[in-house]
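Below is the file input_31.cif, which contains mmCIF, C-alpha atoms and all ligand atoms.
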```cif
data_start
#
loop_
_atom_site.label_atom_id
_atom_site.label_comp_id
_atom_site.auth_asym_id
_atom_site.auth_seq_id
_atom_site.Cartn_x
_atom_site.Cartn_y
_atom_site.Cartn_z
CA MET Y 1173 -13.21 -40.37 -16.89
CA ASP Y 1174 -14.97 -41.45 -20.09
CA LYS Y 1175 -18.36 -40.75 -18.66
CA MET Y 1176 -17.12 -37.35 -17.62
CA LYS Y 1177 -15.73 -36.69 -21.08
CA MET Y 1178 -19.07 -37.54 -22.67
CA GLU Y 1179 -20.96 -35.30 -20.28
CA PHE Y 1180 -18.68 -32.37 -20.95
CA GLN Y 1181 -18.62 -32.77 -24.67
CA HIS Y 1182 -22.36 -32.94 -24.54
CA GLU Y 1183 -22.44 -29.73 -22.54
CA LYS Y 1184 -20.09 -28.16 -25.12
CA LYS Y 1185 -18.35 -26.10 -22.50
CA PRO Y 1186 -14.86 -24.82 -23.25
CA VAL Y 1187 -12.33 -26.94 -21.35
CA SER Y 1188 -9.55 -25.18 -19.47
CA LEU Y 1189 -6.48 -26.69 -17.85
CA ILE Y 1190 -4.93 -24.58 -15.08
CA THR Y 1191 -1.54 -25.53 -13.65
CA GLY Y 1192 -0.94 -24.21 -10.14
CA ALA Y 1193 -4.71 -24.25 -9.52
CA ALA Y 1194 -4.41 -24.60 -5.72
CA GLY Y 1195 -2.21 -21.51 -5.49
CA PHE Y 1196 -3.16 -17.94 -4.77
CA LEU Y 1197 -3.69 -16.74 -8.34
CA GLY Y 1198 -4.60 -20.15 -9.78
CA SER Y 1199 -7.53 -20.62 -7.39
CA HIS Y 1200 -8.95 -17.20 -8.27
CA LEU Y 1201 -8.59 -18.03 -11.95
CA VAL Y 1202 -10.53 -21.26 -11.31
CA ASP Y 1203 -13.37 -19.13 -9.90
CA ARG Y 1204 -13.25 -16.75 -12.85
CA LEU Y 1205 -13.36 -19.55 -15.44
CA LEU Y 1206 -16.16 -21.42 -13.68
CA ALA Y 1207 -18.12 -18.16 -13.72
CA GLU Y 1208 -17.46 -18.06 -17.50
CA GLU Y 1209 -18.94 -21.58 -17.72
CA HIS Y 1210 -15.70 -23.34 -18.58
CA PHE Y 1211 -15.10 -26.89 -17.47
CA VAL Y 1212 -11.95 -26.58 -15.43
CA VAL Y 1213 -9.25 -29.13 -14.71
CA GLY Y 1214 -6.85 -27.88 -12.03
CA VAL Y 1215 -3.44 -29.48 -11.53
CA ASP Y 1216 -1.19 -28.87 -8.56
CA ASN Y 1217 1.50 -30.64 -6.55
CA LEU Y 1218 0.68 -28.53 -3.46
CA SER Y 1219 4.34 -27.55 -3.00
CA THR Y 1220 3.36 -23.95 -2.25
CA GLY Y 1221 -0.40 -24.10 -2.80
CA ASN Y 1222 -3.15 -25.21 -0.47
CA LEU Y 1223 -6.20 -27.36 -1.25
CA LYS Y 1224 -8.18 -25.12 1.11
CA ASN Y 1225 -8.10 -22.54 -1.68
CA LEU Y 1226 -10.30 -24.92 -3.69
CA ASP Y 1227 -12.59 -26.13 -0.87
CA HIS Y 1228 -15.53 -24.19 -2.27
CA VAL Y 1229 -15.31 -25.75 -5.76
CA ILE Y 1230 -13.90 -29.21 -5.18
CA SER Y 1231 -17.26 -31.01 -5.27
CA ARG Y 1232 -18.65 -29.17 -8.32
CA ASN Y 1233 -19.21 -31.29 -11.38
CA ASP Y 1234 -17.61 -28.73 -13.69
CA PHE Y 1235 -14.32 -28.79 -11.79
CA LEU Y 1236 -11.77 -31.55 -11.42
CA PHE Y 1237 -8.64 -31.46 -9.30
CA VAL Y 1238 -5.62 -33.55 -10.30
CA ALA Y 1239 -2.83 -33.88 -7.75
CA GLY Y 1240 0.45 -34.11 -9.59
CA ASP Y 1241 3.79 -32.62 -10.48
CA ILE Y 1242 3.71 -31.24 -14.01
CA THR Y 1243 7.43 -31.88 -14.47
CA GLY Y 1244 6.86 -35.64 -14.09
CA GLU Y 1245 4.49 -38.26 -15.43
CA MET Y 1246 0.95 -37.20 -14.80
CA GLU Y 1247 -2.39 -38.58 -15.84
CA LEU Y 1248 -4.85 -35.96 -17.03
CA PRO Y 1249 -8.49 -36.64 -17.79
CA ASP Y 1250 -8.98 -37.55 -21.42
CA LEU Y 1251 -10.66 -34.36 -22.60
CA LYS Y 1252 -10.14 -32.02 -25.51
CA TYR Y 1253 -8.44 -29.02 -23.91
CA ASP Y 1254 -9.25 -25.63 -25.41
CA TYR Y 1255 -7.14 -23.47 -23.08
CA VAL Y 1256 -3.95 -24.13 -21.12
CA TRP Y 1257 -3.28 -21.57 -18.37
CA HIS Y 1258 0.23 -22.27 -17.08
CA LEU Y 1259 0.61 -20.74 -13.63
CA ALA Y 1260 2.48 -23.46 -11.72
CA SER Y 1261 5.66 -22.12 -10.11
CA PRO Y 1262 6.70 -21.01 -6.66
CA ALA Y 1263 6.30 -17.24 -6.69
CA SER Y 1264 7.47 -15.71 -3.43
CA PRO Y 1265 11.20 -15.11 -2.85
CA LYS Y 1266 11.05 -17.29 0.28
CA ASP Y 1267 9.43 -20.17 -1.65
CA TYR Y 1268 11.69 -20.06 -4.68
CA ARG Y 1269 14.81 -19.92 -2.52
CA ARG Y 1270 13.61 -23.02 -0.63
CA LEU Y 1271 12.54 -24.70 -3.88
CA SER Y 1272 15.19 -23.22 -6.15
CA ILE Y 1273 15.82 -26.17 -8.46
CA GLU Y 1274 12.16 -27.24 -8.44
CA THR Y 1275 11.31 -23.70 -9.54
CA MET Y 1276 13.74 -23.92 -12.44
CA MET Y 1277 12.35 -27.31 -13.45
CA VAL Y 1278 8.70 -26.30 -13.37
CA ASN Y 1279 9.48 -23.26 -15.49
CA ALA Y 1280 11.65 -25.25 -17.92
CA ILE Y 1281 10.36 -28.84 -18.11
CA GLY Y 1282 6.87 -27.98 -16.83
CA THR Y 1283 6.50 -25.23 -19.43
CA LYS Y 1284 7.70 -27.55 -22.22
CA LYS Y 1285 5.21 -30.23 -21.19
CA MET Y 1286 2.36 -27.74 -21.10
CA LEU Y 1287 3.35 -26.29 -24.49
CA ASP Y 1288 3.43 -29.83 -25.95
CA LEU Y 1289 0.02 -30.50 -24.49
CA ALA Y 1290 -1.36 -27.26 -25.95
CA LEU Y 1291 0.14 -28.22 -29.31
CA ALA Y 1292 -1.37 -31.72 -29.23
CA HIS Y 1293 -4.82 -30.24 -28.45
CA ASN Y 1294 -4.51 -27.17 -30.64
CA ALA Y 1295 -5.27 -25.22 -27.45
CA LYS Y 1296 -4.62 -21.58 -26.67
CA PHE Y 1297 -1.73 -21.22 -24.23
CA LEU Y 1298 -0.98 -18.58 -21.60
CA LEU Y 1299 2.27 -18.34 -19.64
CA ALA Y 1300 2.21 -16.62 -16.26
CA SER Y 1301 5.53 -14.79 -16.30
CA THR Y 1302 6.62 -12.07 -13.96
CA SER Y 1303 7.83 -8.51 -13.55
CA GLU Y 1304 11.00 -10.23 -12.23
CA ALA Y 1305 11.84 -10.85 -15.89
CA TYR Y 1306 12.97 -7.20 -15.83
CA GLY Y 1307 15.29 -7.91 -12.87
CA ASP Y 1308 16.54 -4.72 -11.21
CA PRO Y 1309 15.31 -2.46 -14.01
CA GLN Y 1310 17.27 0.43 -15.43
CA VAL Y 1311 14.25 1.66 -17.39
CA HIS Y 1312 11.37 3.01 -15.37
CA PRO Y 1313 8.45 2.34 -15.58
CA GLN Y 1314 8.97 -0.91 -17.47
CA PRO Y 1315 7.39 -1.33 -20.93
CA GLU Y 1316 7.16 -4.81 -22.49
CA GLU Y 1317 9.97 -3.94 -24.95
CA TYR Y 1318 12.49 -3.53 -22.12
CA TRP Y 1319 14.89 -6.52 -21.99
CA GLY Y 1320 15.66 -6.24 -18.32
CA ASN Y 1321 18.68 -6.30 -16.04
CA VAL Y 1322 18.99 -9.71 -14.42
CA ASN Y 1323 21.87 -11.22 -12.46
CA PRO Y 1324 22.06 -14.69 -14.06
CA ILE Y 1325 23.97 -16.26 -11.15
CA GLY Y 1326 22.34 -14.45 -8.24
CA GLU Y 1327 19.96 -15.80 -5.60
CA ARG Y 1328 16.88 -14.74 -7.55
CA ALA Y 1329 18.13 -16.23 -10.83
CA CYS Y 1330 16.39 -19.57 -10.18
CA TYR Y 1331 13.15 -17.64 -10.63
CA ASP Y 1332 14.03 -14.74 -12.97
CA GLU Y 1333 16.08 -16.73 -15.42
CA SER Y 1334 13.78 -19.75 -15.52
CA LYS Y 1335 10.83 -17.45 -16.23
CA ARG Y 1336 12.87 -15.80 -18.98
CA PHE Y 1337 13.62 -19.28 -20.39
CA ALA Y 1338 9.90 -20.12 -20.17
CA GLU Y 1339 9.11 -16.93 -22.12
CA ALA Y 1340 11.70 -17.77 -24.79
CA LEU Y 1341 10.40 -21.34 -25.11
CA THR Y 1342 6.82 -20.12 -25.37
CA MET Y 1343 7.78 -17.75 -28.19
CA GLU Y 1344 9.66 -20.54 -30.03
CA TYR Y 1345 6.53 -22.74 -29.99
CA HIS Y 1346 4.72 -19.78 -31.44
CA ARG Y 1347 7.32 -19.20 -34.16
CA ARG Y 1348 7.97 -22.81 -35.08
CA TYR Y 1349 4.48 -24.29 -34.71
CA ASP Y 1350 2.30 -21.19 -34.91
CA LEU Y 1351 0.92 -22.13 -31.47
CA ASP Y 1352 -1.58 -19.58 -30.17
CA VAL Y 1353 0.39 -18.30 -27.16
CA ARG Y 1354 0.56 -15.20 -25.02
CA ILE Y 1355 2.67 -14.18 -22.02
CA VAL Y 1356 1.52 -12.10 -19.06
CA ARG Y 1357 4.16 -10.43 -16.91
CA ILE Y 1358 2.43 -10.29 -13.56
CA PHE Y 1359 3.40 -7.55 -11.11
CA ASN Y 1360 3.03 -7.83 -7.30
CA THR Y 1361 -0.47 -9.10 -6.66
CA TYR Y 1362 -2.22 -9.29 -3.29
CA GLY Y 1363 -5.53 -10.43 -1.87
CA PRO Y 1364 -7.34 -13.25 -0.06
CA ARG Y 1365 -5.73 -16.73 -0.29
CA MET Y 1366 -2.17 -15.46 -0.20
CA GLN Y 1367 -0.27 -17.80 2.11
CA ILE Y 1368 0.12 -16.19 5.49
CA ASN Y 1369 3.75 -17.28 5.84
CA ASP Y 1370 5.07 -16.91 2.29
CA GLY Y 1371 7.33 -14.04 3.36
CA ARG Y 1372 5.95 -11.52 0.90
CA VAL Y 1373 5.53 -7.96 2.06
CA VAL Y 1374 1.71 -7.93 2.11
CA PRO Y 1375 1.15 -10.96 4.41
CA ASN Y 1376 4.20 -10.03 6.51
CA PHE Y 1377 3.14 -6.43 7.17
CA ILE Y 1378 -0.56 -7.19 7.73
CA CYS Y 1379 0.11 -10.11 10.09
CA GLN Y 1380 2.80 -8.19 11.96
CA ALA Y 1381 0.40 -5.26 12.43
CA LEU Y 1382 -2.39 -7.58 13.58
CA ARG Y 1383 -0.08 -9.26 16.10
CA GLY Y 1384 1.13 -5.90 17.40
CA GLU Y 1385 4.68 -6.58 16.17
CA PRO Y 1386 6.93 -4.05 14.41
CA LEU Y 1387 6.81 -4.18 10.60
CA THR Y 1388 10.03 -5.62 9.13
CA VAL Y 1389 11.30 -3.18 6.50
CA TYR Y 1390 14.17 -4.56 4.44
CA GLY Y 1391 16.89 -2.06 3.59
CA ASP Y 1392 15.91 1.58 4.11
CA GLY Y 1393 12.45 1.03 2.63
CA SER Y 1394 13.06 3.36 -0.34
CA GLN Y 1395 12.69 0.51 -2.87
CA THR Y 1396 9.39 0.67 -4.73
CA ARG Y 1397 6.67 -1.76 -5.74
CA SER Y 1398 3.19 -1.38 -7.21
CA PHE Y 1399 0.41 -3.61 -5.95
CA VAL Y 1400 -2.55 -4.95 -7.87
CA PHE Y 1401 -5.62 -6.58 -6.31
CA VAL Y 1402 -6.09 -10.23 -7.25
CA GLN Y 1403 -9.47 -9.79 -8.95
CA ASP Y 1404 -8.05 -7.11 -11.24
CA GLU Y 1405 -5.03 -9.28 -12.00
CA VAL Y 1406 -7.21 -12.26 -12.90
CA GLU Y 1407 -9.35 -10.06 -15.15
CA GLY Y 1408 -6.20 -8.97 -17.00
CA ILE Y 1409 -5.05 -12.60 -17.35
CA PHE Y 1410 -8.48 -13.63 -18.61
CA ARG Y 1411 -8.52 -10.87 -21.22
CA ALA Y 1412 -4.98 -11.67 -22.37
CA MET Y 1413 -6.17 -15.18 -23.21
CA THR Y 1414 -9.54 -14.32 -24.73
CA CYS Y 1415 -9.26 -10.92 -26.45
CA HIS Y 1416 -8.46 -10.59 -30.15
CA GLY Y 1417 -4.94 -9.57 -31.12
CA THR Y 1418 -3.13 -11.31 -28.26
CA LYS Y 1419 -1.51 -14.20 -30.15
CA GLY Y 1420 2.28 -14.10 -29.73
CA GLU Y 1421 2.04 -11.00 -27.52
CA VAL Y 1422 3.43 -10.09 -24.09
CA PHE Y 1423 1.48 -7.97 -21.60
CA ASN Y 1424 2.39 -6.26 -18.36
CA ILE Y 1425 -0.51 -6.87 -15.98
CA GLY Y 1426 0.01 -4.77 -12.89
CA ASN Y 1427 -0.83 -1.52 -11.18
CA PRO Y 1428 1.08 1.59 -12.26
CA GLU Y 1429 0.59 3.21 -8.82
CA GLU Y 1430 4.01 3.04 -7.22
CA TYR Y 1431 4.82 3.10 -3.48
CA SER Y 1432 8.06 2.96 -1.54
CA ILE Y 1433 8.04 0.07 0.93
CA LEU Y 1434 8.20 2.57 3.80
CA GLU Y 1435 5.11 4.40 2.42
CA PHE Y 1436 3.44 1.03 2.10
CA ALA Y 1437 4.26 0.18 5.74
CA ARG Y 1438 2.65 3.47 6.77
CA LEU Y 1439 -0.49 2.66 4.78
CA ILE Y 1440 -0.77 -0.84 6.27
CA ALA Y 1441 -0.39 0.52 9.82
CA GLN Y 1442 -3.11 3.08 9.12
CA ILE Y 1443 -5.51 0.50 7.66
CA CYS Y 1444 -4.87 -1.88 10.56
CA GLY Y 1445 -5.44 0.99 13.01
CA VAL Y 1446 -2.03 0.71 14.72
CA GLU Y 1447 0.88 3.10 15.30
CA LEU Y 1448 3.64 2.69 12.71
CA ASN Y 1449 6.41 0.74 14.37
CA VAL Y 1450 9.22 -0.41 12.10
CA VAL Y 1451 12.27 -2.61 12.52
CA TYR Y 1452 14.89 -2.44 9.75
CA LYS Y 1453 16.41 -5.68 8.39
CA PRO Y 1454 19.02 -6.23 5.68
CA LEU Y 1455 17.89 -5.89 2.08
CA PRO Y 1456 17.90 -9.35 0.42
CA PRO Y 1457 20.51 -9.77 -2.37
CA ASP Y 1458 19.46 -8.42 -5.78
CA ASP Y 1459 16.19 -7.03 -4.41
CA PRO Y 1460 14.96 -4.77 -7.26
CA ARG Y 1461 15.24 -1.06 -6.32
CA LYS Y 1462 12.27 0.03 -8.40
CA ARG Y 1463 9.35 -1.68 -10.03
CA CYS Y 1464 6.37 -0.20 -11.83
CA PRO Y 1465 4.61 -1.42 -14.96
CA ASP Y 1466 3.90 0.57 -18.07
CA ILE Y 1467 0.44 -0.79 -18.87
CA SER Y 1468 -0.31 1.22 -22.02
CA LYS Y 1469 -0.32 -1.96 -24.11
CA ALA Y 1470 -2.80 -3.77 -21.82
CA LYS Y 1471 -5.01 -0.66 -21.87
CA ARG Y 1472 -4.90 -0.43 -25.65
CA VAL Y 1473 -5.23 -4.11 -26.63
CA LEU Y 1474 -7.17 -5.57 -23.69
CA ASN Y 1475 -9.03 -2.47 -22.62
CA TRP Y 1476 -7.78 -3.40 -19.15
CA GLU Y 1477 -6.55 -1.46 -16.17
CA PRO Y 1478 -6.82 -2.07 -12.43
CA VAL Y 1479 -10.00 -0.71 -10.89
CA THR Y 1480 -9.70 -1.59 -7.20
CA PRO Y 1481 -8.28 1.23 -5.06
CA LEU Y 1482 -5.33 -0.01 -2.98
CA GLU Y 1483 -6.98 0.89 0.31
CA LYS Y 1484 -10.14 -1.05 -0.56
CA GLY Y 1485 -8.18 -4.14 -1.69
CA LEU Y 1486 -6.03 -4.02 1.42
CA ARG Y 1487 -9.08 -3.85 3.69
CA ILE Y 1488 -10.49 -6.99 2.02
CA THR Y 1489 -7.09 -8.67 2.45
CA LEU Y 1490 -6.90 -7.54 6.07
CA ASP Y 1491 -10.29 -9.19 6.77
CA TYR Y 1492 -9.01 -12.39 5.18
CA PHE Y 1493 -5.81 -12.51 7.22
CA SER Y 1494 -7.71 -11.60 10.42
CA SER Y 1495 -9.97 -14.62 9.94
CA VAL Y 1496 -7.04 -16.92 9.12
CA LEU Y 1497 -5.23 -15.76 12.26
CA ARG Y 1498 -8.39 -16.24 14.36
CA GLU Y 1499 -8.74 -19.79 13.02
CA THR Y 1500 -5.12 -20.54 13.89
CA ILE Y 1501 -5.59 -19.25 17.43
CA THR Y 1502 -8.85 -21.15 18.08
CA ARG Y 1503 -7.47 -24.41 16.68
P1 LIG Y 1601 1.48 -19.80 -5.51
O1 LIG Y 1601 2.74 -20.35 -4.94
O2 LIG Y 1601 0.37 -19.45 -4.60
O3 LIG Y 1601 0.90 -20.77 -6.63
C1 LIG Y 1601 1.72 -21.56 -7.46
C2 LIG Y 1601 1.10 -22.96 -7.48
O4 LIG Y 1601 1.89 -23.82 -8.33
C3 LIG Y 1601 1.10 -23.61 -6.09
O5 LIG Y 1601 -0.19 -24.07 -5.79
C4 LIG Y 1601 2.10 -24.77 -6.22
O6 LIG Y 1601 1.80 -25.84 -5.37
C5 LIG Y 1601 1.99 -25.09 -7.71
N1 LIG Y 1601 3.17 -25.77 -8.26
C6 LIG Y 1601 4.46 -25.41 -8.13
N2 LIG Y 1601 5.27 -26.30 -8.76
C7 LIG Y 1601 4.44 -27.23 -9.32
C8 LIG Y 1601 4.67 -28.39 -10.09
N3 LIG Y 1601 5.90 -28.79 -10.42
N4 LIG Y 1601 3.60 -29.13 -10.49
C9 LIG Y 1601 2.34 -28.75 -10.16
N5 LIG Y 1601 2.06 -27.64 -9.42
C10 LIG Y 1601 3.11 -26.90 -9.00
O7 LIG Y 1601 1.91 -18.53 -6.38
P2 LIG Y 1601 1.00 -17.44 -7.07
O8 LIG Y 1601 1.27 -16.15 -6.40
O9 LIG Y 1601 -0.40 -17.92 -7.21
O10 LIG Y 1601 1.69 -17.37 -8.52
C11 LIG Y 1601 1.12 -18.04 -9.65
C12 LIG Y 1601 1.92 -17.71 -10.88
O11 LIG Y 1601 1.95 -16.31 -11.11
C13 LIG Y 1601 3.38 -18.16 -10.80
O12 LIG Y 1601 3.77 -18.66 -12.06
C14 LIG Y 1601 4.13 -16.89 -10.49
O13 LIG Y 1601 5.44 -16.92 -10.99
C15 LIG Y 1601 3.28 -15.85 -11.19
N6 LIG Y 1601 3.43 -14.53 -10.55
C16 LIG Y 1601 2.79 -14.24 -9.39
C17 LIG Y 1601 2.97 -13.00 -8.81
C18 LIG Y 1601 2.27 -12.60 -7.53
O14 LIG Y 1601 2.40 -11.45 -7.10
N7 LIG Y 1601 1.49 -13.45 -6.91
C19 LIG Y 1601 3.81 -12.06 -9.41
C20 LIG Y 1601 4.47 -12.40 -10.57
C21 LIG Y 1601 4.26 -13.63 -11.15
N1 LIG Y 1602 9.94 -6.55 2.04
C1 LIG Y 1602 10.09 -5.90 3.25
N2 LIG Y 1602 9.68 -6.54 4.38
C2 LIG Y 1602 9.13 -7.77 4.37
C3 LIG Y 1602 8.97 -8.44 3.13
C4 LIG Y 1602 9.41 -7.79 1.99
O1 LIG Y 1602 10.59 -4.77 3.30
O2 LIG Y 1602 8.77 -8.27 5.45
C5 LIG Y 1602 10.35 -5.85 0.81
C6 LIG Y 1602 11.26 -6.66 -0.12
O3 LIG Y 1602 12.61 -6.47 0.22
C7 LIG Y 1602 10.91 -6.07 -1.47
C8 LIG Y 1602 9.43 -5.67 -1.35
O4 LIG Y 1602 9.18 -5.60 0.05
O5 LIG Y 1602 11.66 -4.91 -1.70
C9 LIG Y 1602 8.48 -6.67 -1.98
O6 LIG Y 1602 8.84 -7.96 -1.51
P1 LIG Y 1602 7.99 -9.26 -1.83
O7 LIG Y 1602 8.74 -10.41 -1.22
O8 LIG Y 1602 6.58 -9.07 -1.45
O9 LIG Y 1602 7.99 -9.37 -3.42
P2 LIG Y 1602 9.11 -9.11 -4.55
O10 LIG Y 1602 8.60 -7.93 -5.26
O11 LIG Y 1602 10.44 -8.86 -3.94
O12 LIG Y 1602 9.07 -10.36 -5.33
#
```
Would you mind writing the file's structure down as structure tokens?
Ligand code: NAD
Ligand code: UDP
Amino acid sequence: MDKMKMEFQHEKKPVSLITGAAGFLGSHLVDRLLAEEHFVVGVDNLSTGNLKNLDHVISRNDFLFVAGDITGEMELPDLKYDYVWHLASPASPKDYRRLSIETMMVNAIGTKKMLDLALAHNAKFLLASTSEAYGDPQVHPQPEEYWGNVNPIGERACYDESKRFAEALTMEYHRRYDLDVRIVRIFNTYGPRMQINDGRVVPNFICQALRGEPLTVYGDGSQTRSFVFVQDEVEGIFRAMTCHGTKGEVFNIGNPEEYSILEFARLIAQICGVELNVVYKPLPPDDPRKRCPDISKAKRVLNWEPVTPLEKGLRITLDYFSSVLRETITR
């Protein structure tokens, strides 16, 4: 470790710590920061992530993977951290139901530990929060000032409420210690490296279409979501950390193009070149009826907006899932 520390200090690269680095978004952020010539330490307990997402960087000498649970005792390389990007947390409804208490702990204890670390290193801190902080919104589209409509004892509360706690804690470190923090509220993101079986609508619909199965629409499919391609999302996250005027601020990072789930099913069938065939299933409890970000603040402060057309991003994602399914079949 010491030798490594000397080499990196000598290189004078910024040092970034990413929690949740083996996850979908975390692994893309690793790529982005390596491209920016950061030295990157990625931490993950692999509860919902996959080391395969880091295969292509694992042997680089500007990247280090640490296997560990950030809510427990964990040994990090002895470096001076400049940036802490806190992404660790189950993110799909299926995962956070299965790991409900773990989700609450990573967002509570894990966030506190990462804030303490940022404080000790005088590092800039970014919290990956979520559009779920708005719950089932009564204001549409959702601006950052909206306080949300969350069921505190419902089945999604383990995620929504623990992210809201993480936001509150982050802002208290900012107020009390003047820590250089920012919060990004991430809206539904899709792209390569999503887990094929995480139950989210994008992998479900694409894999169902590829297997010739009917697409499972929950409820009547009139609920809405807006989908942002992973590279655009990571660009927004990167700018929220590095642009001027972001200290103590919250940003919606998502795509303001809104689709009903039934419209989305139609689009997926078209892109996959299959007839639309739908089977209706019950709507999960507290499933938000509408979701769409107001991104005026991100446009103004970060000069950011999504640039990848949905159809293009979905075709890239389709290619990814096709190859994952082929691998599974040939194995
Ligand atoms: P993901 O499940 O692919 O990645 C999360 C990573 O965190 C996984 O690799 C997991 O193993 C790791 N992790 C979980 N608990 C941990 C712990 N205690 N210690 C160490 N590592 C731990 O999810 P994702 O889609 O990449 O989401 C990343 C972040 O972005 C999450 O904080 C999530 O809440 C947020 N977010 C994502 C979306 C989205 O659409 N993908 C939307 C809103 C918010
Ligand atoms: N959904 C669906 N069929 C599926 C998976 C999800 O109709 O196979 C719906 C789900 O009820 C929700 C939307 O698609 O209204 C997005 O779900 P996802 O789990 O991707 O993310 P969420 O936005 O709910 O966190």
So for ligand LIG 1602 (chain Y), what box centre and size do we get, axis-aligned, 5 Å extra on each of the six sides, every listed atom, Å to one decimal, as lines of an AutoDock Vina configuration file?
```
center_x = 9.6
center_y = -7.6
center_z = 0.1
size_x = 16.0
size_y = 15.6
size_z = 20.8
```
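The shortest atom-to-atom distance to Arg1463 of chain Y, with all atoms listed in the file taken into account, belongs to Y:Glu1430 out of Y:Glu1430, Y:Glu1209, Y:Glu1344, Y:Asp1267.
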Exercise for the section: Quick one: everything within 10 Å of segment 1218-1228 of chain Y, counting all atoms listed in the file, minus sequence neighbours fewer than 5 positions away in the same chain. Send it as a ChimeraX atom specification. Expected result: /Y:1192-1200,1202-1203,1235,1237,1239-1241,1260-1264,1267-1268,1271,1274,1364-1367,1370
Practice task
Using only C-alpha atoms and all ligand atoms, find each residue with an atom at most 6 Å away from ligand LIG 1602 (chain Y) and format the answer as a VMD selection string.
Solution key: chain Y and resid 1264 to 1265 1360 1371 to 1373 1376 1388 to 1390 1395 1433 1455 1459
Fill in the blank from the handout: Pairwise distance, atom CA of Asn1294 of chain Y with atom CA of His1258 of chain Y, equals 15.2 Å
Practice task
Could you tell me which of Y:Gly1445, Y:Gly1320, Y:Pro1249, Y:Gly1214 comes closest to ligand LIG 1601 (chain Y) if we count all atoms listed in the file?
Solution key: Y:Gly1214
Completion exercise
Using only C-alpha atoms and all ligand atoms, the shortest atom-to-atom distance to ligand LIG 1601 (chain Y) among Y:Gln1314, Y:Asn1279, Y:Thr1342, Y:Asn1427 belongs to Y:Asn1279
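Atom CA of Tyr1318 of chain Y is found 28.5 Å from atom CA of Leu1291 of chain Y.
In this model, the gap between atom CA of Ile1378 of chain Y and atom C18 of ligand LIG 1601 (chain Y) comes to 16.4 Å.
The smallest atom-to-atom distance between ligand LIG 1601 (chain Y) and any of Y:Arg1347, Y:Arg1472, Y:Arg1411, Y:Arg1336, using all atoms listed in the file, is found for Y:Arg1336.
Across Y:Ile1488, Y:Ala1340, Y:Ile1425, Y:Val1322, the tightest approach to ligand LIG 1601 (chain Y) is made by Y:Ile1425 when counting all atoms listed in the file.
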Completion exercise
With distances taken over only C-alpha atoms, the candidate from Y:Arg1269, Y:Arg1354, Y:His1293, Y:Pro1386 nearest Pro1456 of chain Y is Y:Arg1269
Practice task
Using only C-alpha atoms, determine which residues lie at most 8 Å from Pro1315 of chain Y, disregarding the query and same-chain residues fewer than 4 positions distant; provide the list as a list in words.
Solution key: Asn1424, Pro1465, Asp1466 and Ile1467 of chain Y
Using the partial input, fill out segment 1397-1408 of chain Y with N, CA and C atoms; write the result as an mmCIF file, keeping the file's coordinate frame.
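What ended up in out34.cif:
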```cif
data_model
loop_
_atom_site.group_PDB
_atom_site.id
_atom_site.type_symbol
_atom_site.label_atom_id
_atom_site.label_comp_id
_atom_site.auth_asym_id
_atom_site.auth_seq_id
_atom_site.Cartn_x
_atom_site.Cartn_y
_atom_site.Cartn_z
ATOM 1 N N ARG Y 1397 7.471 -0.712 -5.105
ATOM 2 C CA ARG Y 1397 6.670 -1.760 -5.740
ATOM 3 C C ARG Y 1397 5.302 -1.141 -6.057
ATOM 4 N N SER Y 1398 4.560 -1.824 -6.929
ATOM 5 C CA SER Y 1398 3.190 -1.380 -7.210
ATOM 6 C C SER Y 1398 2.315 -2.619 -7.056
ATOM 7 N N PHE Y 1399 1.188 -2.455 -6.399
ATOM 8 C CA PHE Y 1399 0.410 -3.610 -5.950
ATOM 9 C C PHE Y 1399 -0.952 -3.650 -6.635
ATOM 10 N N VAL Y 1400 -1.274 -4.811 -7.177
ATOM 11 C CA VAL Y 1400 -2.550 -4.950 -7.870
ATOM 12 C C VAL Y 1400 -3.413 -5.980 -7.131
ATOM 13 N N PHE Y 1401 -4.701 -5.681 -7.022
ATOM 14 C CA PHE Y 1401 -5.620 -6.580 -6.310
ATOM 15 C C PHE Y 1401 -5.905 -7.798 -7.188
ATOM 16 N N VAL Y 1402 -6.046 -8.960 -6.522
ATOM 17 C CA VAL Y 1402 -6.090 -10.230 -7.250
ATOM 18 C C VAL Y 1402 -7.222 -10.288 -8.292
ATOM 19 N N GLN Y 1403 -8.375 -9.702 -7.974
ATOM 20 C CA GLN Y 1403 -9.470 -9.790 -8.950
ATOM 21 C C GLN Y 1403 -9.143 -9.027 -10.227
ATOM 22 N N ASP Y 1404 -8.465 -7.884 -10.069
ATOM 23 C CA ASP Y 1404 -8.050 -7.110 -11.240
ATOM 24 C C ASP Y 1404 -7.013 -7.897 -12.042
ATOM 25 N N GLU Y 1405 -6.072 -8.510 -11.316
ATOM 26 C CA GLU Y 1405 -5.030 -9.280 -12.000
ATOM 27 C C GLU Y 1405 -5.650 -10.411 -12.826
ATOM 28 N N VAL Y 1406 -6.591 -11.123 -12.215
ATOM 29 C CA VAL Y 1406 -7.210 -12.260 -12.900
ATOM 30 C C VAL Y 1406 -8.012 -11.780 -14.117
ATOM 31 N N GLU Y 1407 -8.625 -10.626 -13.993
ATOM 32 C CA GLU Y 1407 -9.350 -10.060 -15.150
ATOM 33 C C GLU Y 1407 -8.373 -9.794 -16.302
ATOM 34 N N GLY Y 1408 -7.214 -9.246 -15.962
ATOM 35 C CA GLY Y 1408 -6.200 -8.970 -17.000
ATOM 36 C C GLY Y 1408 -5.721 -10.273 -17.643
#
```
